[in-house]
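In what follows, a single structure is set out as structure tokens and then discussed.
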Amino acid sequence: MAIAAKGPRTSDVVAQQLRGRSTDVKGIIFQAALLFALLLSLLILLVLIADVARGGLGVFQERGGEFLRGRLTVVSPTTAGVGQGIVGSLLLLIFVVLMAFPVGVAAAIYLEEYASDTRFNRFIDVNIRNLAGVPSIVYGLLGLVIFVQVLAPLTGGKTVMAGGLTLAILVLPIVIITSMEALRAVPDSIREAGFGVGATRWEVIRSHVLPAAAPGILTGTVLSISRAIGETAPLLVVGATTGLLATGGRGFFESFREGYTALPVVVFRWTSLPNEDFRALTSAAIIVLLIMTLSANAIAIILRNRYERKW
Amino acid sequence: METVTTDSPRNVHIDMGARKPNARPSGEPVFEVADLAVYYGPFRAIRDVSMSIAQHQITALIGPSGCGKTTMLRCFNRMNDLIETARVEGSVRYHGADLYDKRVDPVEVRRRIGMVFQKPNPFPKSIYDNIAFGPKVAGFKGDLDDVVEESLQKAALWDEVRNRLKESAMGLSGGQQQRLCIARCIAVRPDVILMDEPCSALDPIATGRIEDLMQNLKDEFTIVVVTHNMQQAARVSDMTAFFTAEVNEEQDRRTGVLVEYDKTEQMFTNPSDERTENYVTGRFG
């Protein structure tokens, strides 16, 4: 219009309205609380790592690789080492991977892709989730009865095999659950596409569903393995030794039916000693254990990224 | 499989006589549906559908949301079998054979009656592997490269992807993905192609290309297409079936019924049922 309107210009009024209310105090407080929670948990972790490093790094500086190769002893802190613990933990892992991965993935495929939605199958599903929450000591007792006693002719009693199988059934529910979730995350449209061109259920699963779910399945499996690395209680029950361990010129396969120890068990044993010199050794052993666990997690991340890029 | 007679039935003009619902289309029937009802658990999704679908024609199933047109389509290749609670009553005959006979293997059915879905759903693999999968599982022994090229050409996609066959299909545009899905379907040399709202996720240009493609494909395949888009039905189809939903007050559930089935031209210019007329003129739905 030719005549200028009196009063404030529209643009000013709108600009004023758009500026919004004063500072959002509640929002800022809430955000600060969230950040505090995050920093608190990180801080605890940092303190833990710093404490362990302070105590343990000296051992590596003084003895270096010799500590990693040394034998488990509770009397001589100058010669004690974690060599047997590392070997024992790795042997246990072989069993966990060989048993828990194929069985767990197979069970997950059955439950997710084949089992019909009956009350019975829902019951199974719920109870697998319950199993994942059962305290690990209970698995230790189960392993003691089944693998150490009943299956003694096969496992040879308190051996690597018995310990590995116990850890395998301990992580099995976790492998099943994470695999099921990975399978469930594959969209049904992919399955329909497969069925639509005349593929059987197995062909659809093998060619499309499993490859699509592989990153999730692998990640879940490796994470459950890293949990197995750190388990102590069930191994104490199924006979990981905490004292002297006889080692001779054993073959690789024979070693599965021998006595063993594992890193967390070593840590546990040394912690309970009154001798001050073992404090530093304990910290050093914890560092080795942490490195193993973190490596497993790193492998999980690498595997996931590689498979995802493949698409 | 029976040999296919290609006497161009879409040009055959048959006087339909007094127009009535469920009129028979011209041409040899591929599907004959009689008194079909589909249940999902206790809920009846469609009831009393009888219709027959002719070879080398495009048959469109139209109707408002929830009228059971997708359910109807999925009966033709036993895709409803994948839904655990689904139950089919009545009969669907394919070249005279009962599709729901106990001895029928749904996998064999789907090799002959392919499907293209509403949302493009390529496998997260290479373009080549997307096409090659169907022939592979069907036990195809010849040269897969030829099948891939031929299928992509028929789907009017070859020129756009010929230099990137090994690249992921997920990198294609939505319209290209849908044509890839059509190529994937063609690769197993089906007799019938079922399309479930194939253009609903596409822009008008991509939609136009798919519609052109359908016209080219009907010389070789029988096509049944579900569409929300009445103009699309009017543009591409030879026969149109109009479904609507009956509301069941007690259960607050809808059951789909076939209202009228006739030549597309007739359906859009001079429908015999008032409900069809209301729908195609935009007064309802």
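We name chains A, B, ... following the order of the structure tokens; residues begin at 1 in each chain, and ligands are numbered from 1 as shown.
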For range 280-285 of chain A, find every residue with an atom within 12 Å (counting only C-alpha atoms), except residues of its own chain fewer than 5 positions away, and show them as a ChimeraX atom specification.
/A:48-65,67-70,72-74,76-86,230,262-273,275,290-292
Quick check: residues of chain B within 7 Å of chain A, only C-alpha atoms, returned as a list in words.
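Close enough to count are Val107, Glu108, Arg110, Arg111, Gly114, Met115, Asn121, Phe123, Pro124, Lys125, Gly134, Val137, Ser168, Cys185 and Val188 of chain B.
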Keeping only N, CA and C atoms, write those residues as a tab-separated table (two decimals), in the first residue's frame.
chain	number	residue	atom	x	y	z
B	107	VAL	N	6.57	-73.40	-3.37
B	107	VAL	CA	7.79	-72.95	-4.03
B	107	VAL	C	7.65	-73.07	-5.56
B	108	GLU	N	7.07	-74.19	-6.00
B	108	GLU	CA	6.83	-74.36	-7.44
B	108	GLU	C	5.85	-73.32	-7.96
B	110	ARG	N	5.41	-70.32	-6.87
B	110	ARG	CA	6.01	-68.98	-6.95
B	110	ARG	C	7.04	-68.88	-8.06
B	111	ARG	N	7.54	-70.02	-8.53
B	111	ARG	CA	8.43	-69.96	-9.69
B	111	ARG	C	7.65	-69.61	-10.95
B	114	GLY	N	5.32	-64.95	-10.33
B	114	GLY	CA	6.27	-64.08	-9.64
B	114	GLY	C	5.58	-62.89	-9.01
B	115	MET	N	6.33	-62.16	-8.20
B	115	MET	CA	5.71	-61.05	-7.49
B	115	MET	C	6.64	-59.84	-7.41
B	121	ASN	N	12.30	-53.92	-3.08
B	121	ASN	CA	13.05	-54.69	-2.07
B	121	ASN	C	14.16	-55.50	-2.71
B	123	PHE	N	17.68	-57.35	-3.03
B	123	PHE	CA	18.57	-57.95	-2.03
B	123	PHE	C	19.76	-57.01	-1.85
B	124	PRO	N	20.29	-56.92	-0.64
B	124	PRO	CA	21.46	-56.06	-0.44
B	124	PRO	C	22.72	-56.68	-1.05
B	125	LYS	N	22.67	-56.91	-2.34
B	125	LYS	CA	23.79	-57.53	-3.06
B	125	LYS	C	23.98	-56.77	-4.36
B	134	GLY	N	17.29	-65.94	-8.63
B	134	GLY	CA	16.11	-66.74	-8.98
B	134	GLY	C	16.45	-67.91	-9.90
B	137	VAL	N	18.42	-70.71	-8.00
B	137	VAL	CA	17.68	-71.62	-7.13
B	137	VAL	C	16.70	-72.47	-7.93
B	168	SER	N	26.46	-52.54	-5.84
B	168	SER	CA	25.31	-52.86	-4.99
B	168	SER	C	24.01	-52.30	-5.56
B	185	CYS	N	12.16	-60.63	-11.22
B	185	CYS	CA	10.96	-61.47	-11.36
B	185	CYS	C	10.94	-62.14	-12.74
B	188	VAL	N	13.20	-65.49	-13.75
B	188	VAL	CA	12.82	-66.89	-13.55
B	188	VAL	C	11.78	-67.33	-14.57
I'd like the interatomic distance between CA of Gly175 in chain B and CA of Asp81 in chain B, to a tenth of an Å.
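Separation between CA of Gly175 in chain B and CA of Asp81 in chain B: 28.6 Å.
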Report as a VMD selection string: the residues of range 66-245 of chain B with a DSSP assignment of strand (DSSP E), based on the backbone of this structure.
chain B and resid 86 to 94 97 to 98 113 to 116 192 to 196 222 to 226 239 to 245
Next, the residues of the selection above should be written as an mmCIF file, in the first residue's frame with N, CA and C atoms.
data_model
loop_
_atom_site.group_PDB
_atom_site.id
_atom_site.type_symbol
_atom_site.label_atom_id
_atom_site.label_comp_id
_atom_site.auth_asym_id
_atom_site.auth_seq_id
_atom_site.Cartn_x
_atom_site.Cartn_y
_atom_site.Cartn_z
ATOM 1 N N ALA B 86 -2.947 -67.175 8.550
ATOM 2 C CA ALA B 86 -3.807 -67.031 7.370
ATOM 3 C C ALA B 86 -4.422 -68.377 6.965
ATOM 4 N N ARG B 87 -5.694 -68.310 6.536
ATOM 5 C CA ARG B 87 -6.402 -69.520 6.136
ATOM 6 C C ARG B 87 -7.236 -69.166 4.906
ATOM 7 N N VAL B 88 -7.196 -70.025 3.902
ATOM 8 C CA VAL B 88 -7.902 -69.735 2.658
ATOM 9 C C VAL B 88 -9.020 -70.752 2.454
ATOM 10 N N GLU B 89 -10.214 -70.236 2.171
ATOM 11 C CA GLU B 89 -11.348 -71.114 1.838
ATOM 12 C C GLU B 89 -11.799 -70.814 0.424
ATOM 13 N N GLY B 90 -12.467 -71.777 -0.191
ATOM 14 C CA GLY B 90 -12.866 -71.594 -1.575
ATOM 15 C C GLY B 90 -11.761 -72.112 -2.473
ATOM 16 N N SER B 91 -11.826 -71.788 -3.773
ATOM 17 C CA SER B 91 -10.808 -72.357 -4.638
ATOM 18 C C SER B 91 -10.179 -71.305 -5.534
ATOM 19 N N VAL B 92 -8.885 -71.505 -5.779
ATOM 20 C CA VAL B 92 -8.159 -70.712 -6.768
ATOM 21 C C VAL B 92 -7.559 -71.715 -7.742
ATOM 22 N N ARG B 93 -8.030 -71.665 -9.002
ATOM 23 C CA ARG B 93 -7.485 -72.589 -9.990
ATOM 24 C C ARG B 93 -6.550 -71.847 -10.918
ATOM 25 N N TYR B 94 -5.409 -72.487 -11.183
ATOM 26 C CA TYR B 94 -4.390 -71.913 -12.054
ATOM 27 C C TYR B 94 -4.281 -72.834 -13.262
ATOM 28 N N ALA B 97 -5.768 -76.100 -12.508
ATOM 29 C CA ALA B 97 -5.292 -76.910 -11.380
ATOM 30 C C ALA B 97 -5.504 -76.159 -10.074
ATOM 31 N N ASP B 98 -5.907 -76.899 -9.040
ATOM 32 C CA ASP B 98 -6.183 -76.280 -7.742
ATOM 33 C C ASP B 98 -4.878 -75.853 -7.070
ATOM 34 N N ILE B 113 4.570 -68.017 -10.779
ATOM 35 C CA ILE B 113 3.797 -66.803 -10.532
ATOM 36 C C ILE B 113 4.652 -65.878 -9.671
ATOM 37 N N GLY B 114 5.319 -64.952 -10.331
ATOM 38 C CA GLY B 114 6.269 -64.081 -9.637
ATOM 39 C C GLY B 114 5.575 -62.891 -9.007
ATOM 40 N N MET B 115 6.330 -62.160 -8.200
ATOM 41 C CA MET B 115 5.711 -61.049 -7.489
ATOM 42 C C MET B 115 6.644 -59.845 -7.406
ATOM 43 N N VAL B 116 6.053 -58.662 -7.574
ATOM 44 C CA VAL B 116 6.765 -57.401 -7.392
ATOM 45 C C VAL B 116 6.045 -56.674 -6.255
ATOM 46 N N VAL B 192 3.061 -65.639 -14.819
ATOM 47 C CA VAL B 192 2.258 -64.517 -14.334
ATOM 48 C C VAL B 192 3.154 -63.620 -13.468
ATOM 49 N N ILE B 193 2.933 -62.308 -13.555
ATOM 50 C CA ILE B 193 3.605 -61.387 -12.635
ATOM 51 C C ILE B 193 2.540 -60.675 -11.806
ATOM 52 N N LEU B 194 2.649 -60.808 -10.497
ATOM 53 C CA LEU B 194 1.742 -60.103 -9.599
ATOM 54 C C LEU B 194 2.443 -58.846 -9.116
ATOM 55 N N MET B 195 1.760 -57.723 -9.172
ATOM 56 C CA MET B 195 2.384 -56.476 -8.725
ATOM 57 C C MET B 195 1.510 -55.833 -7.650
ATOM 58 N N ASP B 196 2.128 -55.597 -6.498
ATOM 59 C CA ASP B 196 1.381 -55.036 -5.377
ATOM 60 C C ASP B 196 1.714 -53.552 -5.245
ATOM 61 N N THR B 222 1.203 -62.612 -18.090
ATOM 62 C CA THR B 222 -0.084 -62.157 -17.574
ATOM 63 C C THR B 222 0.207 -61.327 -16.334
ATOM 64 N N ILE B 223 -0.401 -60.169 -16.253
ATOM 65 C CA ILE B 223 -0.084 -59.278 -15.129
ATOM 66 C C ILE B 223 -1.337 -58.984 -14.309
ATOM 67 N N VAL B 224 -1.208 -59.127 -13.000
ATOM 68 C CA VAL B 224 -2.266 -58.693 -12.093
ATOM 69 C C VAL B 224 -1.653 -57.620 -11.212
ATOM 70 N N VAL B 225 -2.283 -56.447 -11.183
ATOM 71 C CA VAL B 225 -1.693 -55.343 -10.452
ATOM 72 C C VAL B 225 -2.699 -54.765 -9.454
ATOM 73 N N VAL B 226 -2.228 -54.601 -8.219
ATOM 74 C CA VAL B 226 -3.030 -53.898 -7.223
ATOM 75 C C VAL B 226 -2.620 -52.445 -7.275
ATOM 76 N N MET B 239 -8.663 -55.157 -17.697
ATOM 77 C CA MET B 239 -9.799 -55.481 -16.846
ATOM 78 C C MET B 239 -9.570 -54.826 -15.484
ATOM 79 N N THR B 240 -10.658 -54.434 -14.844
ATOM 80 C CA THR B 240 -10.535 -53.836 -13.518
ATOM 81 C C THR B 240 -11.533 -54.486 -12.577
ATOM 82 N N ALA B 241 -11.040 -54.818 -11.384
ATOM 83 C CA ALA B 241 -11.920 -55.356 -10.346
ATOM 84 C C ALA B 241 -11.959 -54.340 -9.210
ATOM 85 N N PHE B 242 -13.157 -53.968 -8.815
ATOM 86 C CA PHE B 242 -13.292 -53.008 -7.719
ATOM 87 C C PHE B 242 -13.707 -53.732 -6.444
ATOM 88 N N PHE B 243 -12.881 -53.598 -5.436
ATOM 89 C CA PHE B 243 -13.168 -54.184 -4.122
ATOM 90 C C PHE B 243 -13.567 -53.072 -3.177
ATOM 91 N N THR B 244 -14.389 -53.411 -2.198
ATOM 92 C CA THR B 244 -14.636 -52.447 -1.141
ATOM 93 C C THR B 244 -14.731 -53.190 0.179
ATOM 94 N N ALA B 245 -14.700 -52.415 1.263
ATOM 95 C CA ALA B 245 -14.680 -53.029 2.583
ATOM 96 C C ALA B 245 -16.056 -52.893 3.228
#
From the list A:Leu294, A:Val238, A:Leu92, A:Val103, the nearest residue to Gly157 in chain A using only C-alpha atoms is A:Val238
Find the residue from B:Val280, B:Ile186, B:Leu61, B:Met170 that sits nearest to Val236 in chain B; use only C-alpha atoms when measuring.
B:Leu61
From a DSSP calculation on the backbone, collect every residue of range 76-283 of chain A in helix (DSSP H, G or I) and output the set as JSON, numbers by chain.
{"A": [83, 84, 85, 86, 87, 88, 89, 90, 91, 92, 93, 94, 95, 96, 97, 98, 99, 100, 101, 102, 103, 104, 105, 106, 107, 108, 109, 110, 111, 112, 113, 114, 119, 120, 121, 122, 123, 124, 125, 126, 127, 128, 129, 130, 131, 132, 136, 137, 138, 139, 140, 141, 142, 143, 144, 145, 146, 147, 148, 149, 150, 152, 153, 154, 155, 160, 161, 162, 163, 164, 165, 166, 167, 168, 169, 170, 171, 172, 173, 174, 175, 176, 177, 178, 179, 180, 181, 182, 183, 184, 188, 189, 190, 191, 192, 193, 194, 195, 196, 201, 202, 203, 204, 205, 206, 207, 208, 209, 210, 211, 212, 213, 214, 215, 216, 217, 218, 219, 220, 221, 222, 223, 224, 225, 226, 227, 228, 229, 230, 233, 234, 235, 236, 237, 254, 255, 256, 257, 263, 264, 265, 266, 267, 268, 269, 270, 271, 277, 278, 279, 280, 281, 282, 283]}
